[in-house]
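To be precise, the following lines are query-v4.cif, and they hold mmCIF, C-alpha atoms.
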```cif
data_protein
#
loop_
_atom_site.group_PDB
_atom_site.id
_atom_site.type_symbol
_atom_site.label_atom_id
_atom_site.label_comp_id
_atom_site.auth_asym_id
_atom_site.auth_seq_id
_atom_site.Cartn_x
_atom_site.Cartn_y
_atom_site.Cartn_z
ATOM 1 C CA MET A 952 111.539 66.479 211.950
ATOM 2 C CA SER A 953 110.614 62.832 212.046
ATOM 3 C CA LEU A 954 109.937 60.468 209.215
ATOM 4 C CA PRO A 955 106.346 59.221 208.931
ATOM 5 C CA LEU A 956 105.671 55.675 210.018
ATOM 6 C CA LEU A 957 105.507 53.099 207.267
ATOM 7 C CA ARG A 958 102.076 51.621 206.917
ATOM 8 C CA LEU A 959 101.399 48.001 206.188
ATOM 9 C CA PRO A 960 100.647 47.222 202.586
ATOM 10 C CA VAL A 961 97.230 48.390 201.495
ATOM 11 C CA ARG A 962 95.106 45.951 199.573
ATOM 12 C CA GLY A 963 96.140 46.049 195.896
ATOM 13 C CA PHE A 964 99.541 47.707 196.536
ATOM 14 C CA SER A 965 102.862 45.952 197.128
ATOM 15 C CA VAL A 966 105.198 46.657 200.035
ATOM 16 C CA ALA A 967 107.713 48.375 197.692
ATOM 17 C CA GLU A 968 105.090 50.806 196.373
ATOM 18 C CA THR A 969 104.050 51.730 199.899
ATOM 19 C CA CYS A 970 107.691 52.384 200.895
ATOM 20 C CA VAL A 971 108.255 54.552 197.826
ATOM 21 C CA SER A 972 105.181 56.643 198.574
ATOM 22 C CA ALA A 973 106.355 57.094 202.189
ATOM 23 C CA LEU A 974 109.776 58.248 201.028
ATOM 24 C CA ARG A 975 108.151 60.677 198.629
ATOM 25 C CA ARG A 976 106.083 62.118 201.498
ATOM 26 C CA ALA A 977 109.252 62.478 203.595
ATOM 27 C CA MET A 978 111.014 64.296 200.754
ATOM 28 C CA ARG A 979 108.044 66.612 200.343
ATOM 29 C CA MET A 980 108.194 67.451 204.032
ATOM 30 C CA THR A 981 111.899 68.291 203.907
ATOM 31 C CA LEU A 982 111.354 70.582 200.907
ATOM 32 C CA GLU A 983 108.490 72.324 202.685
ATOM 33 C CA ASP A 984 110.568 72.698 205.850
ATOM 34 C CA SER A 985 113.468 74.202 203.932
ATOM 35 C CA ARG A 986 111.115 76.688 202.264
ATOM 36 C CA ARG A 987 109.741 77.695 205.653
ATOM 37 C CA VAL A 988 113.273 78.322 206.943
ATOM 38 C CA GLN A 989 114.153 80.447 203.921
ATOM 39 C CA ASN A 990 110.961 82.478 204.211
ATOM 40 C CA ALA A 991 111.597 83.041 207.927
ATOM 41 C CA GLY A 992 114.789 84.909 207.055
ATOM 42 C CA TYR A 993 117.357 82.518 208.501
ATOM 43 C CA GLN A 994 119.350 82.565 205.293
ATOM 44 C CA LEU A 995 122.254 85.021 205.152
ATOM 45 C CA LYS A 996 121.694 87.824 202.694
ATOM 46 C CA ARG A 997 124.512 88.540 200.277
ATOM 47 C CA LYS A 998 125.515 91.988 199.160
ATOM 48 C CA PRO A 999 125.366 92.524 195.400
ATOM 49 C CA THR A 1000 128.894 92.305 193.980
ATOM 50 C CA LYS A 1001 128.168 93.002 190.328
ATOM 51 C CA VAL A 1002 128.894 96.446 188.968
ATOM 52 C CA PRO A 1003 126.439 97.678 186.329
ATOM 53 C CA ILE A 1004 127.870 97.571 182.812
ATOM 54 C CA LYS A 1005 127.689 100.663 180.655
ATOM 55 C CA ILE A 1006 126.152 100.012 177.244
ATOM 56 C CA PHE A 1007 127.195 102.283 174.395
ATOM 57 C CA GLN A 1008 125.364 102.788 171.127
ATOM 58 C CA PRO A 1009 127.139 101.304 168.073
ATOM 59 C CA GLY A 1010 128.994 103.732 165.847
ATOM 60 C CA PRO A 1011 128.286 104.285 162.169
ATOM 61 C CA SER A 1012 129.020 101.294 159.920
ATOM 62 C CA LEU A 1013 132.123 101.460 157.736
ATOM 63 C CA LEU A 1014 130.729 98.851 155.332
ATOM 64 C CA PRO A 1015 128.450 99.617 152.402
ATOM 65 C CA LYS A 1016 124.772 98.890 153.061
ATOM 66 C CA GLY A 1017 123.618 95.364 152.246
ATOM 67 C CA SER A 1018 127.134 93.894 152.050
ATOM 68 C CA GLU A 1019 128.409 90.811 153.842
ATOM 69 C CA PRO A 1020 131.469 91.546 156.025
ATOM 70 C CA LYS A 1021 132.899 88.034 155.617
ATOM 71 C CA GLN A 1022 132.763 88.196 151.813
ATOM 72 C CA LEU A 1023 134.311 91.678 151.754
ATOM 73 C CA LEU A 1024 137.138 90.570 154.033
ATOM 74 C CA GLU A 1025 137.792 87.480 151.924
ATOM 75 C CA GLN A 1026 137.883 89.544 148.709
ATOM 76 C CA LYS A 1027 140.287 92.029 150.279
ATOM 77 C CA LEU A 1028 142.636 89.301 151.571
ATOM 78 C CA THR A 1029 142.492 87.435 148.244
ATOM 79 C CA SER A 1030 143.494 90.577 146.352
ATOM 80 C CA GLU A 1031 146.424 91.092 148.765
ATOM 81 C CA LEU A 1032 147.659 87.479 148.870
ATOM 82 C CA ASP A 1033 147.016 86.617 145.202
ATOM 83 C CA PRO A 1034 147.018 89.840 143.151
ATOM 84 C CA THR A 1035 147.550 88.100 139.785
ATOM 85 C CA GLY A 1036 145.101 85.271 140.506
ATOM 86 C CA TRP A 1037 147.469 82.427 139.536
ATOM 87 C CA ARG A 1038 146.955 80.530 142.809
ATOM 88 C CA ARG A 1039 143.181 80.625 142.468
ATOM 89 C CA GLN A 1040 143.463 79.483 138.863
ATOM 90 C CA LEU A 1041 145.745 76.549 139.778
ATOM 91 C CA PHE A 1042 143.293 75.140 142.308
ATOM 92 C CA GLN A 1043 139.920 76.042 140.800
ATOM 93 C CA ARG A 1044 137.992 72.988 139.548
ATOM 94 C CA SER A 1045 136.697 74.670 136.387
ATOM 95 C CA SER A 1046 140.111 75.923 135.245
ATOM 96 C CA PRO A 1047 141.875 73.944 132.472
ATOM 97 C CA LEU A 1048 145.205 74.634 134.212
ATOM 98 C CA ALA A 1049 143.959 73.238 137.509
ATOM 99 C CA LEU A 1050 146.172 70.807 139.395
ATOM 100 C CA ARG A 1051 144.606 67.437 140.192
ATOM 101 C CA PRO A 1052 145.441 64.584 142.539
ATOM 102 C CA GLY A 1053 148.231 62.494 141.045
ATOM 103 C CA ASP A 1054 150.074 65.438 139.455
ATOM 104 C CA VAL A 1055 153.715 65.995 140.392
ATOM 105 C CA VAL A 1056 154.427 69.514 141.657
ATOM 106 C CA ARG A 1057 157.409 71.452 143.012
ATOM 107 C CA VAL A 1058 156.650 73.966 145.769
ATOM 108 C CA VAL A 1059 159.180 76.791 146.178
ATOM 109 C CA PHE A 1060 159.162 78.529 149.555
ATOM 110 C CA ASN A 1061 160.143 82.113 150.404
ATOM 111 C CA SER A 1062 163.354 81.682 152.347
ATOM 112 C CA GLU A 1063 167.015 82.582 152.108
ATOM 113 C CA THR A 1064 167.931 79.034 151.060
ATOM 114 C CA ASN A 1065 165.187 78.705 148.379
ATOM 115 C CA GLN A 1066 163.817 75.497 149.837
ATOM 116 C CA THR A 1067 161.735 73.338 147.541
ATOM 117 C CA PHE A 1068 159.608 70.249 147.950
ATOM 118 C CA VAL A 1069 158.746 67.971 145.046
ATOM 119 C CA GLY A 1070 155.889 65.551 145.485
ATOM 120 C CA THR A 1071 152.752 63.953 144.142
ATOM 121 C CA ILE A 1072 149.482 65.649 145.036
ATOM 122 C CA MET A 1073 147.565 63.296 147.320
ATOM 123 C CA ALA A 1074 144.707 65.585 148.254
ATOM 124 C CA ILE A 1075 143.421 69.082 147.618
ATOM 125 C CA ARG A 1076 141.335 70.731 150.306
ATOM 126 C CA ARG A 1077 139.441 73.660 148.772
ATOM 127 C CA ARG A 1078 138.282 76.144 151.428
ATOM 128 C CA GLY A 1079 138.712 79.610 149.914
ATOM 129 C CA LEU A 1080 141.692 81.305 151.549
ATOM 130 C CA ASP A 1081 142.301 78.203 153.655
ATOM 131 C CA THR A 1082 142.897 75.968 150.602
ATOM 132 C CA SER A 1083 145.678 73.442 151.173
ATOM 133 C CA VAL A 1084 147.442 70.669 149.274
ATOM 134 C CA ARG A 1085 148.912 67.449 150.674
ATOM 135 C CA LEU A 1086 152.029 66.283 148.827
ATOM 136 C CA ARG A 1087 153.823 62.953 149.149
ATOM 137 C CA SER A 1088 157.372 62.110 148.175
ATOM 138 C CA GLU A 1089 159.793 59.320 148.940
ATOM 139 C CA VAL A 1090 163.248 60.260 150.171
ATOM 140 C CA ALA A 1091 165.715 57.397 150.642
ATOM 141 C CA GLN A 1092 162.871 54.848 150.688
ATOM 142 C CA LEU A 1093 161.144 56.796 153.425
ATOM 143 C CA GLY A 1094 157.743 58.368 152.728
ATOM 144 C CA VAL A 1095 157.489 62.095 153.423
ATOM 145 C CA GLU A 1096 154.203 63.990 153.376
ATOM 146 C CA MET A 1097 153.754 67.728 153.542
ATOM 147 C CA SER A 1098 150.627 69.840 153.783
ATOM 148 C CA VAL A 1099 150.988 73.265 152.171
ATOM 149 C CA LYS A 1100 148.586 76.195 152.478
ATOM 150 C CA VAL A 1101 148.124 77.603 148.993
ATOM 151 C CA TYR A 1102 147.667 81.248 150.024
ATOM 152 C CA SER A 1103 150.475 81.197 152.600
ATOM 153 C CA THR A 1104 152.957 84.051 152.388
ATOM 154 C CA SER A 1105 155.792 81.552 152.825
ATOM 155 C CA VAL A 1106 154.919 79.874 149.487
ATOM 156 C CA LYS A 1107 156.646 81.598 146.592
ATOM 157 C CA ASN A 1108 155.632 79.409 143.684
ATOM 158 C CA PHE A 1109 153.983 76.163 142.554
ATOM 159 C CA GLU A 1110 155.786 74.621 139.583
ATOM 160 C CA PHE A 1111 153.927 71.983 137.605
ATOM 161 C CA ILE A 1112 156.269 69.078 136.689
ATOM 162 C CA SER A 1113 154.052 66.392 135.173
ATOM 163 C CA ARG A 1114 150.468 65.252 134.876
ATOM 164 C CA ALA A 1115 149.302 61.978 136.332
ATOM 165 C CA VAL A 1116 149.805 59.067 133.943
ATOM 166 C CA LYS A 1117 146.127 58.237 134.278
ATOM 167 C CA LYS A 1118 143.407 60.505 135.629
ATOM 168 C CA ALA A 1119 142.832 59.522 139.260
ATOM 169 C CA ARG A 1120 139.401 58.115 139.984
ATOM 170 C CA ARG A 1121 139.594 59.358 143.567
ATOM 171 C CA ALA A 1122 139.761 62.839 145.036
ATOM 172 C CA LYS A 1123 142.085 61.721 147.843
ATOM 173 C CA LEU A 1124 144.902 59.343 146.943
ATOM 174 C CA TYR A 1125 145.600 58.026 150.420
ATOM 175 C CA TYR A 1126 146.231 54.612 148.903
ATOM 176 C CA LEU A 1127 149.685 55.914 147.932
ATOM 177 C CA ARG A 1128 150.648 55.422 151.561
ATOM 178 C CA PRO A 1129 152.086 51.981 152.184
ATOM 179 C CA ASP A 1130 149.936 49.565 154.158
ATOM 180 C CA GLU A 1131 151.702 48.947 157.485
ATOM 181 C CA LYS A 1132 149.749 45.738 158.039
ATOM 182 C CA LYS A 1133 151.109 44.202 154.847
ATOM 183 C CA GLY A 1134 154.641 45.375 155.603
ATOM 184 C CA LYS A 1135 155.179 47.358 152.383
#
```
Would you mind writing the file out in structure tokens?
Amino acid sequence: MSLPLLRLPVRGFSVAETCVSALRRAMRMTLEDSRRVQNAGYQLKRKPTKVPIKIFQPGPSLLPKGSEPKQLLEQKLTSELDPTGWRRQLFQRSSPLALRPGDVVRVVFNSETNQTFVGTIMAIRRRGLDTSVRLRSEVAQLGVEMSVKVYSTSVKNFEFISRAVKKARRAKLYYLRPDEKKGK
């Protein structure tokens, strides 16, 4: 295969446009040539390697008709993890007993040593069963933060210690962290 000769510029067209059109013609020729070779049968034929997949019909549904599986699963897990409903009540916005950012809380964990963590609530992340609380405390002038999943099986109890002096005007109290730029 040979490339076509470049023609001199035609009246009204620049040299660059003429070169581009010649290259396009050359590309078209190579595509046509490659198609001719494929159609002639020069390409090696591959044997099919895929095995057909058997498709089975779905079995009968175990869920009641018209129900949402995600909601049913969440209700079932909530009843197992929080049978009395005290965790939901502590972190529900509409509840009068609800904990808010700025409150001081003690978290008691299920362990042989009865570990506890006392801290100020910095943030509450409400996501159903994935609800979590971020607590901050200072131990020996060193800030310690801990994120606790409310519905975790390792959490035994949340003990309310004191309300915030003033109701926080923010949902996330990240300003409790010292500013490293200022050197606090």
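Residues with any atom within 12 Å of Asp1033 in chain A, counting all atoms listed in the file and excluding same-chain neighbours fewer than 3 positions away, are Glu1025, Gln1026, Lys1027, Leu1028, Thr1029, Ser1030, Gly1036, Trp1037, Arg1038, Arg1039, Gln1040, Leu1041, Gly1079, Leu1080, Val1101, Tyr1102, Ser1103, Thr1104, Val1106, Lys1107 and Asn1108 of chain A.
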Export of prior selection with C-alpha atoms as an mmCIF file, keeping the file's coordinate frame:
```cif
data_model
loop_
_atom_site.group_PDB
_atom_site.id
_atom_site.type_symbol
_atom_site.label_atom_id
_atom_site.label_comp_id
_atom_site.auth_asym_id
_atom_site.auth_seq_id
_atom_site.Cartn_x
_atom_site.Cartn_y
_atom_site.Cartn_z
ATOM 1 C CA GLU A 1025 137.792 87.480 151.924
ATOM 2 C CA GLN A 1026 137.883 89.544 148.709
ATOM 3 C CA LYS A 1027 140.287 92.029 150.279
ATOM 4 C CA LEU A 1028 142.636 89.301 151.571
ATOM 5 C CA THR A 1029 142.492 87.435 148.244
ATOM 6 C CA SER A 1030 143.494 90.577 146.352
ATOM 7 C CA GLY A 1036 145.101 85.271 140.506
ATOM 8 C CA TRP A 1037 147.469 82.427 139.536
ATOM 9 C CA ARG A 1038 146.955 80.530 142.809
ATOM 10 C CA ARG A 1039 143.181 80.625 142.468
ATOM 11 C CA GLN A 1040 143.463 79.483 138.863
ATOM 12 C CA LEU A 1041 145.745 76.549 139.778
ATOM 13 C CA GLY A 1079 138.712 79.610 149.914
ATOM 14 C CA LEU A 1080 141.692 81.305 151.549
ATOM 15 C CA VAL A 1101 148.124 77.603 148.993
ATOM 16 C CA TYR A 1102 147.667 81.248 150.024
ATOM 17 C CA SER A 1103 150.475 81.197 152.600
ATOM 18 C CA THR A 1104 152.957 84.051 152.388
ATOM 19 C CA VAL A 1106 154.919 79.874 149.487
ATOM 20 C CA LYS A 1107 156.646 81.598 146.592
ATOM 21 C CA ASN A 1108 155.632 79.409 143.684
#
```
Q: Mind giving me the straight-line distance from CA of Ser1046 in chain A to CA of Arg1077 in chain A in Å, one decimal?
A: 13.7 Å
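Nearest residue to Thr1067 in chain A, choosing from A:Ser1012, A:Val1099, A:Phe1042, A:Leu1124 and counting all atoms listed in the file: A:Val1099.
Minimum atom-to-atom distance to Arg1044 in chain A, evaluated using all atoms listed in the file, belongs to A:Ala1122 out of A:Pro1020, A:Val1059, A:Ala1122, A:Leu1127.
Our summary of the geometry notes that CA of Ile1112 in chain A is positioned 5.5 Å from CA of Val1055 in chain A.
Residue nearest Ala1074 in chain A, chosen from A:Ala1119, A:Leu1014, A:Leu1093, A:Ile1006 and counting only C-alpha atoms: A:Ala1119.
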Q.
With distances taken over only C-alpha atoms, which residue among A:Pro1015, A:Gln1043, A:Gly1070, A:Gly1010 lies nearest Thr1082 in chain A?
A. A:Gln1043
Q: Check the smallest atom-to-atom distance from each of A:Pro1052, A:Pro1034, A:Asn1065, A:Tyr1126 to Leu1086 in chain A using only C-alpha atoms, then report the winner.
A: A:Pro1052
Q: Step by step, work through what the PyMOL selection byres ((chain A and resi 1054) around 10) selects in the shown file, and finish by giving those residues as an MDAnalysis selection string.
A: chainID A and resid 1050:1053 1055:1056 1070:1073 1086 1111:1119
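In terms of minimum interatomic distance to Asn1061 in chain A, A:Ser1105 ranks closest within A:Leu1032, A:Arg1085, A:Ser1098, A:Ser1105, counting only C-alpha atoms.
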